[in-house]
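Student: Contents of data-v1.txt (compact mmCIF, C-alpha atoms):
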# COMPACT_ATOMS: atom_id res chain seq x y z
CA MET A 1 -17.60 -1.70 -8.49
CA PHE A 2 -14.43 0.24 -7.90
CA LYS A 3 -13.76 3.93 -7.45
CA TYR A 4 -10.39 5.48 -8.18
CA LYS A 5 -8.78 7.96 -5.81
CA LYS A 6 -6.06 10.18 -7.20
CA TYR A 7 -3.45 9.26 -4.60
CA THR A 8 -1.36 6.24 -3.74
CA ASN A 9 -1.85 4.28 -0.54
CA TYR A 10 1.39 5.82 0.78
CA PRO A 11 3.42 8.71 -0.73
CA ILE A 12 6.02 7.75 -3.33
CA ASN A 13 8.62 10.36 -4.31
CA ILE A 14 11.68 8.61 -5.70
CA CYS A 15 14.13 10.94 -7.44
CA LYS A 16 17.21 8.74 -7.58
CA LYS A 17 17.50 6.50 -10.62
CA ASP A 18 18.27 2.89 -9.60
CA LEU A 19 17.80 0.36 -12.36
CA LYS A 20 19.04 -2.62 -10.40
CA MET A 21 16.52 -1.94 -7.66
CA ALA A 22 13.79 -1.54 -10.29
CA LYS A 23 14.74 -4.95 -11.69
CA TYR A 24 14.39 -6.59 -8.27
CA LEU A 25 11.38 -4.60 -7.15
CA ILE A 26 9.19 -5.43 -10.13
CA THR A 27 8.76 -8.93 -8.72
CA GLN A 28 6.33 -7.46 -6.18
CA PHE A 29 4.21 -6.41 -9.17
CA GLY A 30 4.39 -9.49 -11.40
CA GLY A 31 6.17 -12.19 -9.37
CA SER A 32 4.65 -15.26 -7.73
CA ASN A 33 4.43 -13.56 -4.33
CA GLY A 34 3.62 -10.12 -5.70
CA GLU A 35 0.71 -7.75 -5.32
CA LEU A 36 -0.98 -8.60 -8.62
CA ALA A 37 -1.14 -12.27 -7.66
CA ALA A 38 -2.50 -11.24 -4.25
CA ALA A 39 -5.17 -8.96 -5.71
CA LEU A 40 -6.37 -11.55 -8.23
CA ARG A 41 -6.16 -14.39 -5.71
CA TYR A 42 -8.48 -12.80 -3.14
CA PHE A 43 -10.66 -11.24 -5.80
CA SER A 44 -11.25 -14.66 -7.38
CA GLN A 45 -11.63 -16.54 -4.11
CA LYS A 46 -14.14 -14.14 -2.57
CA PHE A 47 -17.05 -15.49 -4.62
CA ASN A 48 -17.02 -18.77 -2.76
CA MET A 49 -16.59 -17.59 0.83
CA PRO A 50 -19.22 -19.22 3.05
CA ASP A 51 -20.37 -16.20 5.07
CA ASP A 52 -20.25 -12.44 5.40
CA TYR A 53 -16.96 -12.36 7.32
CA GLY A 54 -15.09 -14.15 4.54
CA LYS A 55 -16.82 -12.27 1.74
CA ALA A 56 -16.09 -8.90 3.32
CA LEU A 57 -12.48 -9.62 4.25
CA LEU A 58 -11.41 -11.11 0.91
CA ASN A 59 -13.24 -8.41 -1.01
CA ASP A 60 -11.67 -5.60 0.98
CA ILE A 61 -8.11 -6.97 1.05
CA ALA A 62 -8.26 -7.67 -2.72
CA THR A 63 -9.17 -4.02 -3.26
CA GLU A 64 -6.27 -2.82 -1.13
CA GLU A 65 -3.86 -5.12 -2.99
CA LEU A 66 -4.83 -3.50 -6.28
CA SER A 67 -3.65 -0.19 -4.88
CA HIS A 68 -0.38 -1.90 -3.92
CA CYS A 69 0.10 -2.96 -7.56
CA GLU A 70 -0.12 0.71 -8.42
CA MET A 71 2.46 1.52 -5.74
CA ILE A 72 5.02 -1.00 -6.99
CA ALA A 73 4.50 0.02 -10.61
CA THR A 74 4.88 3.67 -9.56
CA MET A 75 8.19 2.88 -7.84
CA VAL A 76 9.50 0.98 -10.87
CA HIS A 77 8.41 3.82 -13.15
CA GLN A 78 10.12 6.48 -11.03
CA LEU A 79 13.31 4.42 -10.63
CA THR A 80 13.68 3.90 -14.39
CA LYS A 81 12.11 6.89 -16.09
CA ASP A 82 15.36 8.81 -16.72
CA ALA A 83 17.35 5.78 -17.86
CA SER A 84 18.80 5.33 -21.34
CA ALA A 85 18.59 2.06 -23.27
CA LYS A 86 22.28 1.51 -22.60
CA GLU A 87 21.87 2.00 -18.86
CA MET A 88 18.95 -0.42 -18.86
CA GLU A 89 21.13 -2.95 -20.64
CA GLU A 90 23.99 -2.48 -18.21
CA ALA A 91 21.64 -3.12 -15.28
CA GLY A 92 20.51 -6.41 -16.77
CA LEU A 93 17.33 -4.95 -18.20
CA GLY A 94 18.30 -5.20 -21.90
CA GLY A 95 15.80 -7.97 -22.58
CA TYR A 96 13.14 -6.10 -20.64
CA TYR A 97 13.85 -2.96 -22.68
CA ALA A 98 13.61 -4.94 -25.94
CA GLU A 99 10.17 -6.26 -25.00
CA HIS A 100 8.66 -3.34 -23.11
CA GLY A 101 10.79 -0.23 -23.59
CA LYS A 102 10.19 2.00 -20.59
CA GLY A 103 6.74 0.55 -20.02
CA THR A 104 5.85 -1.16 -16.74
CA TYR A 105 5.10 -4.83 -17.35
CA PRO A 106 4.37 -7.34 -14.58
CA THR A 107 7.27 -9.80 -14.36
CA ASP A 108 9.36 -11.24 -11.58
CA ALA A 109 12.94 -10.15 -10.82
CA ASN A 110 14.24 -12.55 -13.49
CA GLY A 111 11.95 -11.24 -16.21
CA VAL A 112 9.46 -14.13 -16.06
CA PRO A 113 6.04 -12.69 -16.94
CA PHE A 114 3.11 -12.84 -14.56
CA THR A 115 0.87 -15.89 -14.78
CA VAL A 116 -2.38 -16.79 -13.01
CA THR A 117 -0.90 -20.18 -12.16
CA TYR A 118 0.75 -18.36 -9.24
CA PHE A 119 -2.46 -18.75 -7.28
CA ALA A 120 -5.24 -21.25 -6.74
CA VAL A 121 -8.98 -21.14 -6.26
CA THR A 122 -10.02 -24.50 -4.83
CA GLY A 123 -13.64 -23.87 -3.85
CA ASP A 124 -12.66 -24.92 -0.33
CA ALA A 125 -12.68 -21.89 2.00
CA LEU A 126 -10.15 -23.28 4.49
CA ALA A 127 -7.72 -24.38 1.77
CA ASP A 128 -7.99 -21.00 0.06
CA ILE A 129 -7.51 -19.03 3.28
CA LEU A 130 -4.48 -21.14 4.21
CA GLU A 131 -2.99 -20.23 0.83
CA ASP A 132 -3.78 -16.58 1.56
CA MET A 133 -1.94 -16.76 4.89
CA ALA A 134 1.09 -18.32 3.18
CA ALA A 135 0.94 -15.72 0.41
CA GLU A 136 1.08 -12.88 2.93
CA GLN A 137 4.04 -14.47 4.70
CA LYS A 138 5.90 -15.02 1.42
CA ALA A 139 5.23 -11.44 0.32
CA ARG A 140 6.54 -10.22 3.69
CA ALA A 141 9.70 -12.31 3.25
CA VAL A 142 10.25 -10.89 -0.25
CA TYR A 143 9.80 -7.33 1.07
CA GLU A 144 12.49 -8.10 3.65
CA ASN A 145 14.82 -9.37 0.90
CA LEU A 146 14.17 -6.18 -1.05
CA ILE A 147 14.77 -4.03 2.04
CA ASP A 148 18.18 -5.74 2.36
CA LEU A 149 18.95 -4.70 -1.24
CA THR A 150 18.39 -0.93 -0.98
CA GLN A 151 19.96 2.07 0.77
CA ASP A 152 17.66 4.70 -0.73
CA GLU A 153 15.39 5.95 2.04
CA GLU A 154 12.70 6.96 -0.45
CA VAL A 155 12.49 3.32 -1.55
CA LEU A 156 12.99 1.92 1.92
CA ARG A 157 10.13 3.86 3.50
CA VAL A 158 7.63 2.45 1.00
CA LEU A 159 8.93 -1.11 1.40
CA LEU A 160 8.65 -0.85 5.20
CA PHE A 161 5.07 0.38 4.83
CA LEU A 162 4.11 -2.43 2.45
CA ARG A 163 5.77 -5.04 4.65
CA GLN A 164 3.52 -4.00 7.53
CA ARG A 165 0.47 -4.45 5.32
CA GLU A 166 1.47 -8.09 4.77
CA ILE A 167 1.65 -8.56 8.54
CA VAL A 168 -1.79 -7.04 9.10
CA HIS A 169 -3.34 -9.06 6.26
CA PHE A 170 -1.74 -12.28 7.49
CA ASN A 171 -3.25 -11.74 10.93
CA ARG A 172 -6.71 -11.01 9.52
CA PHE A 173 -6.64 -14.15 7.37
CA LYS A 174 -5.42 -16.13 10.37
CA GLU A 175 -8.32 -14.83 12.46
CA LEU A 176 -10.74 -15.80 9.70
CA TYR A 177 -9.14 -19.24 9.39
CA GLU A 178 -9.41 -19.88 13.13
CA TYR A 179 -13.00 -18.68 13.16
CA TYR A 180 -13.98 -21.09 10.36
CA LYS A 181 -12.07 -23.91 12.04
CA LYS A 182 -13.97 -23.30 15.28
CA LYS A 183 -17.22 -23.18 13.35
CA GLY A 184 -16.49 -26.72 12.21
CA LEU A 185 -15.55 -26.12 8.60
CA GLU A 186 -13.24 -28.80 7.28
CA MET B 1 12.56 8.76 10.04
CA LEU B 2 13.08 6.50 12.94
CA PHE B 3 16.02 4.26 12.42
CA GLU B 4 17.10 3.34 15.88
CA ASP B 5 20.51 4.91 15.34
CA ASN B 6 18.93 7.86 13.48
CA SER B 7 22.01 8.05 11.29
CA PHE B 8 20.57 9.99 8.35
CA ASP B 9 17.74 11.92 9.85
CA ILE B 10 19.34 15.34 9.43
CA ASN B 11 17.28 16.84 6.63
CA MET B 12 13.95 15.39 7.65
CA SER B 13 11.76 18.03 9.23
CA MET B 14 9.30 16.53 11.62
CA PHE B 15 5.77 16.12 10.42
CA MET B 16 3.82 15.84 13.58
CA PRO B 17 0.13 15.10 13.36
CA ASP B 18 -2.05 17.74 14.94
CA VAL B 19 -4.77 15.22 15.66
CA LYS B 20 -5.07 14.47 19.38
CA LEU B 21 -4.54 10.92 20.55
CA PHE B 22 -8.00 9.48 20.81
CA ASN B 23 -7.39 7.04 23.59
CA ARG B 24 -4.02 6.30 25.10
CA ASP B 25 -4.98 2.86 26.36
CA SER B 26 -6.36 1.78 23.01
CA ASN B 27 -4.68 -0.78 20.78
CA ILE B 28 -5.60 1.47 17.85
CA LEU B 29 -3.12 4.19 16.87
CA GLU B 30 -4.17 7.63 15.70
CA PRO B 31 -4.33 7.98 11.87
CA MET B 32 -1.01 9.72 11.14
CA GLU B 33 0.96 7.41 13.42
CA GLY B 34 -0.71 4.32 11.95
CA PHE B 35 -0.22 5.63 8.42
CA LEU B 36 3.50 6.20 8.92
CA ARG B 37 3.86 2.69 10.33
CA GLY B 38 1.59 1.06 7.75
CA ASN B 39 -0.30 -0.54 10.62
CA MET B 40 -3.05 0.90 12.84
CA PHE B 41 -2.70 -1.74 15.53
CA LYS B 42 -0.09 -1.57 18.30
CA ASP B 43 -0.14 -5.31 18.95
CA LEU B 44 0.35 -6.23 15.28
CA TYR B 45 3.30 -3.91 14.70
CA LYS B 46 6.55 -5.84 14.18
CA PRO B 47 9.53 -3.87 12.78
CA TYR B 48 12.12 -5.55 10.56
CA LYS B 49 15.61 -5.65 12.11
CA ASN B 50 16.21 -2.17 13.57
CA LEU B 51 14.11 -0.47 10.89
CA THR B 52 10.92 1.12 12.11
CA TYR B 53 9.43 3.85 9.93
CA PHE B 54 10.00 7.25 8.39
CA LYS B 55 8.46 10.62 9.09
CA LEU B 56 6.94 12.42 6.12
CA ASN B 57 8.43 15.66 4.94
CA PRO B 58 5.74 17.68 3.14
CA LYS B 59 7.17 20.67 1.30
CA THR B 60 3.95 22.52 0.55
CA GLU B 61 0.56 23.16 2.11
CA ARG B 62 -0.93 21.04 -0.64
CA GLU B 63 1.29 18.10 0.17
CA LYS B 64 0.61 18.47 3.89
CA MET B 65 -3.12 18.46 3.32
CA LEU B 66 -2.94 15.51 0.95
CA TYR B 67 -0.90 13.49 3.44
CA LYS B 68 -3.56 14.10 6.09
CA ILE B 69 -6.23 12.86 3.71
CA MET B 70 -4.08 9.85 2.84
CA ALA B 71 -3.53 9.13 6.55
CA LEU B 72 -7.28 9.22 7.22
CA SER B 73 -7.91 7.08 4.16
CA PHE B 74 -5.36 4.57 5.45
CA ALA B 75 -6.89 4.53 8.94
CA ILE B 76 -10.36 4.00 7.49
CA ASN B 77 -9.12 1.07 5.39
CA ASP B 78 -7.27 -0.64 8.23
CA LEU B 79 -10.26 -0.23 10.58
CA ASN B 80 -12.45 -1.52 7.75
CA LEU B 81 -10.48 -4.78 7.62
CA TYR B 82 -10.69 -5.14 11.39
CA LEU B 83 -14.43 -4.42 11.41
CA ASP B 84 -14.99 -7.02 8.68
CA LEU B 85 -14.25 -9.62 11.35
CA HIS B 86 -15.37 -7.61 14.40
CA PRO B 87 -18.46 -5.68 13.30
CA ASP B 88 -19.64 -5.36 16.91
CA ASN B 89 -16.53 -3.58 18.16
CA LYS B 90 -17.85 -0.19 19.22
CA GLU B 91 -14.49 1.54 19.64
CA ALA B 92 -13.33 0.61 16.13
CA PHE B 93 -16.66 1.53 14.54
CA ASP B 94 -16.84 4.89 16.34
CA LEU B 95 -13.32 5.72 15.17
CA PHE B 96 -14.17 4.54 11.68
CA LYS B 97 -17.14 6.91 11.52
CA LYS B 98 -15.11 9.77 13.00
CA TYR B 99 -12.34 9.40 10.42
CA VAL B 100 -14.77 9.05 7.52
CA GLU B 101 -16.29 12.37 8.58
CA GLU B 102 -12.91 14.07 8.99
CA LYS B 103 -11.77 12.80 5.61
CA ARG B 104 -14.96 14.00 3.95
CA THR B 105 -14.48 17.52 5.31
CA LEU B 106 -10.79 17.69 4.43
CA SER B 107 -11.25 16.17 0.93
CA LYS B 108 -13.97 18.69 0.14
CA GLU B 109 -11.60 21.51 1.01
CA TYR B 110 -8.77 19.93 -0.99
CA ASP B 111 -10.93 19.29 -4.07
CA LYS B 112 -11.99 22.93 -4.10
CA VAL B 113 -8.46 24.36 -3.90
CA TYR B 114 -6.30 21.83 -5.77
CA GLY B 115 -8.61 19.83 -8.00
CA PRO B 116 -10.61 16.64 -7.51
CA LEU B 117 -9.25 13.47 -5.86
CA SER B 118 -12.26 11.53 -7.19
CA VAL B 119 -13.76 12.04 -10.63
CA THR B 120 -17.23 12.72 -9.25
CA LYS B 121 -15.89 15.68 -7.30
CA THR B 122 -14.96 17.51 -10.51
CA THR B 123 -16.75 20.85 -10.48
CA GLY B 124 -16.41 24.25 -12.11
CA SER B 125 -16.31 25.10 -15.79
CA LYS B 126 -13.54 22.73 -16.89
CA PHE B 127 -13.13 18.97 -16.53
CA ASN B 128 -9.90 19.18 -14.54
CA TRP B 129 -9.95 15.53 -13.39
CA ILE B 130 -7.41 14.83 -16.14
CA ASN B 131 -4.89 17.35 -14.82
CA SER B 132 -1.50 16.22 -13.54
CA PRO B 133 -0.14 15.23 -11.16
CA TRP B 134 -1.30 11.64 -11.41
CA PRO B 135 -0.16 9.56 -8.44
CA TRP B 136 2.67 7.87 -10.35
CA ASP B 137 4.07 11.11 -11.77
CA ASP B 138 7.44 12.24 -10.55
CA PHE B 139 8.08 15.94 -10.26
CA GLY B 140 11.69 15.77 -9.17
CA GLY B 141 11.15 14.62 -5.63
CA GLY B 142 8.08 16.64 -4.70
CA LEU B 143 5.15 14.85 -6.22
CA TYR B 144 2.58 17.43 -5.34
CA VAL B 145 4.63 20.62 -5.55
For this file, write the structure as C-alpha cells.

Tutor:
Amino acid sequence: MFKYKKYTNYPINICKKDLKMAKYLITQFGGSNGELAAALRYFSQKFNMPDDYGKALLNDIATEELSHCEMIATMVHQLTKDASAKEMEEAGLGGYYAEHGKGTYPTDANGVPFTVTYFAVTGDALADILEDMAAEQKARAVYENLIDLTQDEEVLRVLLFLRQREIVHFNRFKELYEYYKKKGLE
Amino acid sequence: MLFEDNSFDINMSMFMPDVKLFNRDSNILEPMEGFLRGNMFKDLYKPYKNLTYFKLNPKTEREKMLYKIMALSFAINDLNLYLDLHPDNKEAFDLFKKYVEEKRTLSKEYDKVYGPLSVTKTTGSKFNWINSPWPWDDFGGGLYV
C-alpha cells in the first residue's frame, strides 16, 4: 500500500529552459542505472528477502526510489515545458518529440526506452543485494557525470541531493550484505 | 549554497533552521541540515569535488513551512532506513518519534491554511485535494508562491 504526499522529496524549482540537460537527465528516470530501475529492482526483490531486516530495507528503499522517479520527471518537465518543437529538434530531441511530444517518457540519454532487463531478481538474497550495491554506485557515478554537465544551480542542488541518497543507500545495502554474510548465507 | 569558493551565493538569503541541535556529539544531523545535504549521517556524508550543498531560499511563509515539513519528512525517512537495520538503537528511534510528532503538528497546521498534503486530510466543504500546485508544477521559479 502506498500513500501519496503532495510534495517532492526535495524542492524543485527550475525556471531556466535547458533542453540538452533534459536530454541527459532523463536517463536517471528511464536509463539502466536510473531511479525507475532502482524502484522496480528493490520492489521485486523484497518478496524473497530471508528476514525482517532485508524485507524492511528493500521495501523502504524501493518506496523512496519511486519518489526519486517523480523528482527526475519533474526536472525534465520543468526544463522542457516552454520549448518549441524546433528547439527540441535542435537539442537532439526531435525523435523524442515525434514519439512523445512534451510528455515525460522513461528513456536513457540516447532515447533508448526503459526495459526491465536492466535489473535482475535471482531468488538469491546475497546475489540480489550485491546487485543493489552496484546499482547504487552506478547511479552515483551517473549523477556525478550529470553534475559535470550543468551550471544551473537549481539543477545542481537537486543532483547533489540525489547523489547523497545513492551513498546512503549503498551503505545500507552493504551493511545488510555483511550481516547476511556473517549469518552464514551463501 | 555552500560551494567552497562561494562564487555565486549573492542572492541566496540564508534559511537557517530554528530547530535546536539535538545532540552535538551525535552522528545524526538535525532535520534541516540533513535535508539540505540529502544525508542525515555525518559519517556517510561525502561531497563531490568541491561541491557540498545549497541553502534553500523560501520566498513565502507557505514555502518556508512546507520546507520544514519536507525536512522532517526527509529526516524520518533516513532514520527509518537506519532503524530497519538497527531497530534497537534508542537514539535513532527517539529522534524518529520526535520528528514524526513535529511533522504531524506542522502538517496539520499547513493542511488547514494551504490545503491538504495527503488526500485523507481534505476537509471543509470542497474537495480541494485536486487544487494546484502539484509537486511537478512550475510557477516561474517559486513553486509554492

Student: I need the contact residues of chain B against chain A, so if you could list those with any atom within 9 Å, counting all atoms listed in the file, and return them as number ranges by chain, that would help.

Tutor: B: 1, 35-41, 44-48, 51-56, 66-67, 70-71, 73-74, 77-78, 80-82, 84-86, 116-119, 133-143

Student: By how many Å are CA of Gly94 (chain A) and CA of Lys23 (chain A) apart?

Tutor: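 Going from CA of Gly94 (chain A) over to CA of Lys23 (chain A), I get 10.8 Å.
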
Student: So what do you get for CA of Thr150 (chain A) versus CA of Asn50 (chain B), distance-wise?

Tutor: 14.8 Å

Student: What separation in Å, quoted to one decimal, exists between CA of Thr115 (chain A) and CA of Ser44 (chain A)?

Tutor: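 CA of Thr115 (chain A) sits 14.3 Å away from CA of Ser44 (chain A).
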
Student: List the residues sitting within 12 Å of (21.4, 0.5, -21.6) in the file's frame, using only C-alpha atoms, as a list in words.

Tutor: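 Residues satisfying the cut-off, written out: Leu19, Lys20, Thr80, Asp82, Ala83, Ser84, Ala85, Lys86, Glu87, Met88, Glu89, Glu90, Ala91, Gly92, Leu93, Gly94, Gly95, Tyr96, Tyr97, Ala98, Gly101 and Lys102 of chain A.
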
Student: From the options A:Asp148, A:Asp128, A:Glu186, A:Glu65, which residue's atoms come nearest to Leu40 (chain A), counting all atoms listed in the file?

Tutor: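 Of all the options, A:Glu65 lies closest to Leu40 (chain A).
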
Student: What's the 10 Å shell around Leu185 (chain A), counting only C-alpha atoms, without same-chain residues fewer than 2 positions away, as a list in words?

Tutor: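 With the cut-off at 10 Å, the set is Pro50, Asp124, Ala125, Leu126, Tyr177, Glu178, Tyr179, Tyr180, Lys181, Lys182 and Lys183 of chain A.
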
Student: Give me, as number ranges by chain, all polymer residues having an atom no more than 7 Å from Pro106 (chain A), counting all atoms listed in the file and skipping those fewer than 5 positions away in the same chain.

Tutor: A: 26, 29-30, 113-114
